[in-house]
Amino acid sequence: MSHIRAVIQRLQSLQCAGVEDVAHSRAAKLLEILKSQKKTAQPAVAVVSTVKISETGPRPWEKRVETPSVKPAVNPTTQPSTTPAPGYSSGYGTSKSYGNSTNNRGYTLMAPKRQPLSLEIIVPPHEDYTSLTQMEDRREALRLLGEKVAKCVRCIDLVSNRTQTVLGTGNPYASLMFLGEAPGKDEDVQGVPFVGRAGQLLTDMIQKGMKINREEETYICNILRCRPPGNRAPMPEEAFKCRRFLDTQIDIVKPKFICCLGASAAQYLLDTTTTISRMRLREYRYRDAVVVCTYHPAYLLRNPSQKKATWEDLQFLMKLMGIPVE
């Protein structure tokens, strides 16, 4: 299944790049493969027939179940039994747990433990936020985007874990954007990125190191807008589903420079698996911005010895921006 996962990630990259038609057509074929593999992997059950979607036949989530035990001959006109076959609950929920029911056509509705595979999960529908990126008032555009972000429920694990969504902070007209990984505990409570211990260190890096004001001369956001459980790193599918919001933020703010903080930020933004140590002191481009990469402030709190290397990265950024280096 690893090769299928790699294909899914490539399809997601195509969709992020705007190649909607290609991504959806390839994903549709891949979805059929995944469904067939999932079907063959299920344990054997009683006679169960599935029918393609039609106006009169059962839908994909309806499975016609016949009683498997030996019984007298049944009149062909008799309605099929609606009693689930023994052992069928091993792959699906029982009536008590998942509320199975029978529709008026005699088909038993078996609720699965997990949501069925969906094309929208592999390649989510395109969301067009062009109108927001063209607004002259960037603060209002970000406010409207924040309303859309607050309603997002794509990532079940994140939605069930978050207190609130965290969009961004700072000056939307700034030329420098800092990009982190995901909100932490403090950020989840306050709704602002980088406000905990790592946030204080980032403030010192900006104001004491670069000699610029954090709130007035930078804009800060994350790869994700919801706190992951246990403050873990973002998962690839989560980063992908949140990518449209990130790209819209970048298009609204229009930064000239982006500083990626940590491996997750750098790898997800630039679509690479290169380690952060090899991405340092190099110049990349994304959209119309120059991108540089350095260590995450939270990593520096655990590894103070890397602060010197981070200062070198900031000096490299300052030279690109034309800021005097003392």
# chains A, B, ... in the order shown; residues from 1 in each chain; ligands from 1

$ residues_around --residues "A:Asp204" --least-positions-apart "2" --cutoff "12 Å" --atoms "only C-alpha atoms" --output "JSON, numbers by chain"
{"A": [194, 197, 198, 199, 200, 201, 202, 206, 207, 208, 209, 210, 211, 212, 213, 214, 297, 307, 311, 314]}

$ residues_around --residues "A:Glu147" --least-positions-apart "6" --cutoff "12 Å" --atoms "only C-alpha atoms" --output "number ranges by chain"
A: 140-141, 164-167, 245

$ write_last_selection --atoms "N, CA and C atoms" --output "compact mmCIF listing (two decimals), in the first residue's frame"
# COMPACT_ATOMS: atom_id res chain seq x y z
N GLU A 140 -9.33 42.84 6.34
CA GLU A 140 -10.69 42.35 6.16
C GLU A 140 -10.68 41.01 5.43
N ALA A 141 -9.78 40.88 4.47
CA ALA A 141 -9.67 39.61 3.73
C ALA A 141 -9.28 38.48 4.67
N GLN A 164 -10.02 26.24 19.48
CA GLN A 164 -10.38 27.17 18.43
C GLN A 164 -9.32 27.10 17.34
N THR A 165 -9.64 27.62 16.17
CA THR A 165 -8.66 27.66 15.09
C THR A 165 -7.71 28.84 15.30
N VAL A 166 -6.52 28.72 14.73
CA VAL A 166 -5.50 29.76 14.87
C VAL A 166 -5.04 30.17 13.47
N LEU A 167 -5.44 31.34 13.03
CA LEU A 167 -5.13 31.77 11.67
C LEU A 167 -3.74 32.37 11.55
N PHE A 245 -5.86 27.06 2.72
CA PHE A 245 -5.89 28.20 3.63
C PHE A 245 -4.52 28.88 3.68

$ atom_distance --atom1 "atom CA of A:Tyr268" --atom2 "atom CA of A:Gly168"
17.6 Å

$ closest_atom_pairs --of "stretch 231-325 of chain A" --to "stretch 176-191 of chain A" --cutoff "7 Å" --atoms "only C-alpha atoms" --output "tab-separated table"
residue	atom	partner	partner_atom	distance
A:Asn231	CA	A:Gly184	CA	5.8
A:Pro234	CA	A:Ala182	CA	6.9
A:Pro255	CA	A:Leu176	CA	5.5
A:Lys256	CA	A:Leu176	CA	6.2
A:Phe257	CA	A:Leu176	CA	4.8
A:Ile258	CA	A:Met177	CA	4.7
A:Cys259	CA	A:Phe178	CA	4.8
A:Cys260	CA	A:Leu179	CA	4.9
A:Leu261	CA	A:Gly180	CA	5.0
A:Gly262	CA	A:Gly180	CA	6.8
A:Ser264	CA	A:Glu181	CA	5.8
A:Ala265	CA	A:Glu181	CA	5.2

$ write_last_selection --atoms "all heavy atoms" --output "PDB file, in the first residue's frame"
ATOM      1  N   ASN A 231       0.357  17.736  20.686  1.00  0.00           N
ATOM      2  CA  ASN A 231       1.337  18.635  20.038  1.00  0.00           C
ATOM      3  C   ASN A 231       2.260  17.889  19.073  1.00  0.00           C
ATOM      4  O   ASN A 231       3.412  18.278  18.876  1.00  0.00           O
ATOM      5  CB  ASN A 231       2.185  19.364  21.090  1.00  0.00           C
ATOM      6  CG  ASN A 231       1.386  20.419  21.840  1.00  0.00           C
ATOM      7  OD1 ASN A 231       0.274  20.758  21.457  1.00  0.00           O
ATOM      8  ND2 ASN A 231       1.952  20.924  22.914  1.00  0.00           N
ATOM      9  N   PRO A 234       2.506  17.851  12.255  1.00  0.00           N
ATOM     10  CA  PRO A 234       1.407  17.706  11.296  1.00  0.00           C
ATOM     11  C   PRO A 234       1.564  16.445  10.449  1.00  0.00           C
ATOM     12  O   PRO A 234       2.673  16.076  10.064  1.00  0.00           O
ATOM     13  CB  PRO A 234       1.524  18.969  10.433  1.00  0.00           C
ATOM     14  CG  PRO A 234       2.256  19.952  11.285  1.00  0.00           C
ATOM     15  CD  PRO A 234       3.212  19.141  12.100  1.00  0.00           C
ATOM     16  N   PRO A 255       3.925  38.306   0.938  1.00  0.00           N
ATOM     17  CA  PRO A 255       5.244  38.582   1.506  1.00  0.00           C
ATOM     18  C   PRO A 255       6.339  38.477   0.448  1.00  0.00           C
ATOM     19  O   PRO A 255       6.227  37.699  -0.501  1.00  0.00           O
ATOM     20  CB  PRO A 255       5.396  37.483   2.564  1.00  0.00           C
ATOM     21  CG  PRO A 255       4.589  36.346   2.017  1.00  0.00           C
ATOM     22  CD  PRO A 255       3.406  36.987   1.347  1.00  0.00           C
ATOM     23  N   LYS A 256       7.389  39.238   0.636  1.00  0.00           N
ATOM     24  CA  LYS A 256       8.549  39.141  -0.247  1.00  0.00           C
ATOM     25  C   LYS A 256       9.520  38.069   0.257  1.00  0.00           C
ATOM     26  O   LYS A 256      10.310  37.535  -0.523  1.00  0.00           O
ATOM     27  CB  LYS A 256       9.257  40.494  -0.318  1.00  0.00           C
ATOM     28  CG  LYS A 256       8.419  41.602  -0.962  1.00  0.00           C
ATOM     29  CD  LYS A 256       9.195  42.905  -1.006  1.00  0.00           C
ATOM     30  CE  LYS A 256       8.366  44.007  -1.655  1.00  0.00           C
ATOM     31  NZ  LYS A 256       9.097  45.315  -1.676  1.00  0.00           N
ATOM     32  N   PHE A 257       9.420  37.784   1.560  1.00  0.00           N
ATOM     33  CA  PHE A 257      10.306  36.786   2.161  1.00  0.00           C
ATOM     34  C   PHE A 257       9.498  35.901   3.112  1.00  0.00           C
ATOM     35  O   PHE A 257       8.621  36.375   3.831  1.00  0.00           O
ATOM     36  CB  PHE A 257      11.443  37.459   2.937  1.00  0.00           C
ATOM     37  CG  PHE A 257      12.296  38.363   2.102  1.00  0.00           C
ATOM     38  CD1 PHE A 257      11.982  39.720   1.972  1.00  0.00           C
ATOM     39  CD2 PHE A 257      13.408  37.870   1.425  1.00  0.00           C
ATOM     40  CE1 PHE A 257      12.762  40.556   1.192  1.00  0.00           C
ATOM     41  CE2 PHE A 257      14.187  38.696   0.644  1.00  0.00           C
ATOM     42  CZ  PHE A 257      13.865  40.039   0.523  1.00  0.00           C
ATOM     43  N   ILE A 258       9.806  34.606   3.107  1.00  0.00           N
ATOM     44  CA  ILE A 258       9.188  33.646   4.017  1.00  0.00           C
ATOM     45  C   ILE A 258      10.296  32.892   4.735  1.00  0.00           C
ATOM     46  O   ILE A 258      11.194  32.347   4.095  1.00  0.00           O
ATOM     47  CB  ILE A 258       8.287  32.641   3.272  1.00  0.00           C
ATOM     48  CG1 ILE A 258       7.128  33.363   2.574  1.00  0.00           C
ATOM     49  CG2 ILE A 258       7.737  31.591   4.245  1.00  0.00           C
ATOM     50  CD1 ILE A 258       6.246  32.437   1.761  1.00  0.00           C
ATOM     51  N   CYS A 259      10.225  32.852   6.063  1.00  0.00           N
ATOM     52  CA  CYS A 259      11.192  32.099   6.859  1.00  0.00           C
ATOM     53  C   CYS A 259      10.481  30.901   7.465  1.00  0.00           C
ATOM     54  O   CYS A 259       9.591  31.049   8.315  1.00  0.00           O
ATOM     55  CB  CYS A 259      11.784  32.977   7.962  1.00  0.00           C
ATOM     56  SG  CYS A 259      13.032  32.129   8.974  1.00  0.00           S
ATOM     57  N   CYS A 260      10.847  29.703   7.022  1.00  0.00           N
ATOM     58  CA  CYS A 260      10.246  28.474   7.527  1.00  0.00           C
ATOM     59  C   CYS A 260      10.927  28.065   8.827  1.00  0.00           C
ATOM     60  O   CYS A 260      12.156  27.935   8.873  1.00  0.00           O
ATOM     61  CB  CYS A 260      10.378  27.350   6.501  1.00  0.00           C
ATOM     62  SG  CYS A 260       9.438  27.623   4.988  1.00  0.00           S
ATOM     63  N   LEU A 261      10.125  27.847   9.853  1.00  0.00           N
ATOM     64  CA  LEU A 261      10.642  27.466  11.163  1.00  0.00           C
ATOM     65  C   LEU A 261      10.424  25.976  11.387  1.00  0.00           C
ATOM     66  O   LEU A 261       9.315  25.534  11.684  1.00  0.00           O
ATOM     67  CB  LEU A 261       9.939  28.271  12.253  1.00  0.00           C
ATOM     68  CG  LEU A 261      10.063  29.802  12.134  1.00  0.00           C
ATOM     69  CD1 LEU A 261       9.148  30.487  13.137  1.00  0.00           C
ATOM     70  CD2 LEU A 261      11.514  30.242  12.337  1.00  0.00           C
ATOM     71  N   GLY A 262      11.453  25.192  11.219  1.00  0.00           N
ATOM     72  CA  GLY A 262      11.350  23.762  11.446  1.00  0.00           C
ATOM     73  C   GLY A 262      11.158  22.956  10.176  1.00  0.00           C
ATOM     74  O   GLY A 262      10.801  23.480   9.120  1.00  0.00           O
ATOM     75  N   SER A 264       8.926  20.554   9.392  1.00  0.00           N
ATOM     76  CA  SER A 264       7.570  20.406   8.863  1.00  0.00           C
ATOM     77  C   SER A 264       7.180  21.592   8.002  1.00  0.00           C
ATOM     78  O   SER A 264       6.625  21.431   6.911  1.00  0.00           O
ATOM     79  CB  SER A 264       6.565  20.244  10.012  1.00  0.00           C
ATOM     80  OG  SER A 264       6.764  19.023  10.684  1.00  0.00           O
ATOM     81  N   ALA A 265       7.478  22.795   8.480  1.00  0.00           N
ATOM     82  CA  ALA A 265       7.133  23.993   7.715  1.00  0.00           C
ATOM     83  C   ALA A 265       7.870  24.021   6.378  1.00  0.00           C
ATOM     84  O   ALA A 265       7.273  24.277   5.323  1.00  0.00           O
ATOM     85  CB  ALA A 265       7.451  25.246   8.530  1.00  0.00           C
TER      86      ALA A 265
END

$ closest_residue --among "A:Ile252, A:Leu300, A:Cys155, A:Cys293" --to "A:Met279" --atoms "only C-alpha atoms"
A:Cys293

$ atom_distance --atom1 "atom CA of A:Arg225" --atom2 "atom CA of A:Leu144"
14.8 Å

$ closest_atom_pairs --of "stretch 212-309 of chain A" --to "stretch 127-137 of chain A" --cutoff "12 Å" --atoms "only C-alpha atoms" --output "tab-separated table"
residue	atom	partner	partner_atom	distance
A:Lys241	CA	A:Glu127	CA	10.9
A:Cys242	CA	A:Glu127	CA	11.2
A:Arg243	CA	A:Glu127	CA	10.8
A:Arg244	CA	A:Glu127	CA	7.4
A:Phe245	CA	A:Tyr129	CA	8.8
A:Leu246	CA	A:Tyr129	CA	11.2
A:Asp247	CA	A:Tyr129	CA	9.7
A:Thr248	CA	A:Thr133	CA	6.6
A:Gln249	CA	A:Thr133	CA	8.0
A:Ile250	CA	A:Thr133	CA	8.8
A:Asp251	CA	A:Thr133	CA	5.6
A:Ile252	CA	A:Thr133	CA	4.6
A:Val253	CA	A:Thr133	CA	8.3
A:Lys254	CA	A:Thr133	CA	9.0

$ write_last_selection --atoms "all heavy atoms" --output "tab-separated table (two decimals), in the first residue's frame"
chain	number	residue	atom	x	y	z
A	241	LYS	N	-4.87	19.12	3.48
A	241	LYS	CA	-6.21	19.65	3.60
A	241	LYS	C	-6.22	21.10	4.06
A	241	LYS	O	-7.17	21.83	3.80
A	241	LYS	CB	-7.02	18.79	4.58
A	241	LYS	CG	-7.31	17.39	4.05
A	241	LYS	CD	-8.04	16.55	5.08
A	241	LYS	CE	-8.28	15.14	4.57
A	241	LYS	NZ	-8.97	14.29	5.57
A	242	CYS	N	-5.16	21.53	4.74
A	242	CYS	CA	-5.07	22.91	5.23
A	242	CYS	C	-4.30	23.80	4.25
A	242	CYS	O	-4.16	25.00	4.48
A	242	CYS	CB	-4.39	22.93	6.60
A	242	CYS	SG	-4.92	24.26	7.69
A	243	ARG	N	-3.79	23.22	3.17
A	243	ARG	CA	-2.91	23.95	2.26
A	243	ARG	C	-3.63	25.11	1.56
A	243	ARG	O	-3.02	26.15	1.31
A	243	ARG	CB	-2.34	22.98	1.21
A	243	ARG	CG	-1.31	23.61	0.27
A	243	ARG	CD	-0.15	24.21	1.05
A	243	ARG	NE	0.90	24.69	0.20
A	243	ARG	CZ	2.00	24.00	-0.09
A	243	ARG	NH1	2.19	22.79	0.44
A	243	ARG	NH2	2.92	24.51	-0.87
A	244	ARG	N	-4.90	24.92	1.24
A	244	ARG	CA	-5.61	26.00	0.55
A	244	ARG	C	-5.68	27.24	1.42
A	244	ARG	O	-5.57	28.36	0.93
A	244	ARG	CB	-7.02	25.52	0.17
A	244	ARG	CG	-7.80	26.49	-0.70
A	244	ARG	CD	-7.21	26.62	-2.07
A	244	ARG	NE	-7.21	25.36	-2.79
A	244	ARG	CZ	-6.73	25.21	-4.01
A	244	ARG	NH1	-6.18	26.23	-4.63
A	244	ARG	NH2	-6.76	24.04	-4.61
A	245	PHE	N	-5.86	27.06	2.72
A	245	PHE	CA	-5.89	28.20	3.63
A	245	PHE	C	-4.52	28.88	3.68
A	245	PHE	O	-4.41	30.11	3.68
A	245	PHE	CB	-6.30	27.76	5.03
A	245	PHE	CG	-7.70	27.22	5.11
A	245	PHE	CD1	-7.98	26.07	5.83
A	245	PHE	CD2	-8.75	27.86	4.46
A	245	PHE	CE1	-9.27	25.58	5.91
A	245	PHE	CE2	-10.05	27.37	4.52
A	245	PHE	CZ	-10.32	26.22	5.25
A	246	LEU	N	-3.46	28.08	3.74
A	246	LEU	CA	-2.11	28.65	3.79
A	246	LEU	C	-1.80	29.43	2.53
A	246	LEU	O	-1.31	30.58	2.59
A	246	LEU	CB	-1.08	27.53	3.97
A	246	LEU	CG	0.39	27.94	3.84
A	246	LEU	CD1	0.75	28.97	4.90
A	246	LEU	CD2	1.31	26.73	3.93
A	247	ASP	N	-2.08	28.84	1.37
A	247	ASP	CA	-1.80	29.54	0.12
A	247	ASP	C	-2.61	30.83	0.00
A	247	ASP	O	-2.14	31.83	-0.53
A	247	ASP	CB	-2.09	28.62	-1.07
A	247	ASP	CG	-1.02	27.56	-1.26
A	247	ASP	OD1	0.10	27.74	-0.73
A	247	ASP	OD2	-1.29	26.54	-1.92
A	248	THR	N	-3.84	30.80	0.50
A	248	THR	CA	-4.66	32.01	0.46
A	248	THR	C	-4.07	33.08	1.36
A	248	THR	O	-4.04	34.27	1.00
A	248	THR	CB	-6.10	31.69	0.89
A	248	THR	OG1	-6.65	30.68	0.03
A	248	THR	CG2	-6.98	32.93	0.79
A	249	GLN	N	-3.59	32.68	2.54
A	249	GLN	CA	-2.94	33.65	3.42
A	249	GLN	C	-1.74	34.27	2.75
A	249	GLN	O	-1.53	35.49	2.81
A	249	GLN	CB	-2.51	32.97	4.72
A	249	GLN	CG	-3.61	32.83	5.75
A	249	GLN	CD	-3.12	32.21	7.03
A	249	GLN	OE1	-3.03	30.99	7.13
A	249	GLN	NE2	-2.82	33.02	8.02
A	250	ILE	N	-0.92	33.45	2.10
A	250	ILE	CA	0.27	33.96	1.42
A	250	ILE	C	-0.14	34.91	0.30
A	250	ILE	O	0.49	35.97	0.11
A	250	ILE	CB	1.11	32.80	0.87
A	250	ILE	CG1	1.68	31.97	2.03
A	250	ILE	CG2	2.24	33.31	-0.01
A	250	ILE	CD1	2.44	30.73	1.60
A	251	ASP	N	-1.18	34.56	-0.45
A	251	ASP	CA	-1.62	35.41	-1.55
A	251	ASP	C	-2.23	36.72	-1.05
A	251	ASP	O	-2.19	37.73	-1.75
A	251	ASP	CB	-2.62	34.66	-2.42
A	251	ASP	CG	-1.98	33.52	-3.20
A	251	ASP	OD1	-0.74	33.55	-3.36
A	251	ASP	OD2	-2.70	32.61	-3.64
A	252	ILE	N	-2.82	36.70	0.14
A	252	ILE	CA	-3.38	37.93	0.71
A	252	ILE	C	-2.27	38.84	1.22
A	252	ILE	O	-2.23	40.03	0.93
A	252	ILE	CB	-4.38	37.60	1.84
A	252	ILE	CG1	-5.64	36.93	1.28
A	252	ILE	CG2	-4.76	38.87	2.60
A	252	ILE	CD1	-6.61	36.47	2.34
A	253	VAL	N	-1.36	38.27	2.00
A	253	VAL	CA	-0.28	39.07	2.61
A	253	VAL	C	0.77	39.48	1.57
A	253	VAL	O	1.37	40.55	1.66
A	253	VAL	CB	0.37	38.26	3.75
A	253	VAL	CG1	1.54	39.03	4.37
A	253	VAL	CG2	-0.67	37.94	4.82
A	254	LYS	N	1.00	38.61	0.59
A	254	LYS	CA	1.98	38.87	-0.47
A	254	LYS	C	3.38	39.19	0.10
A	254	LYS	O	3.98	40.22	-0.21
A	254	LYS	CB	1.52	40.02	-1.36
A	254	LYS	CG	0.20	39.76	-2.07
A	254	LYS	CD	-0.24	40.99	-2.86
A	254	LYS	CE	-1.54	40.71	-3.62
A	254	LYS	NZ	-2.66	40.36	-2.73

$ closest_residue --among "A:Thr274, A:Asn171, A:Thr203, A:Thr163" --to "A:Cys226" --atoms "only C-alpha atoms"
A:Thr163

$ closest_residue --among "A:Tyr286, A:Arg232, A:Met205, A:Glu217" --to "A:Asp313" --atoms "only C-alpha atoms"
A:Met205
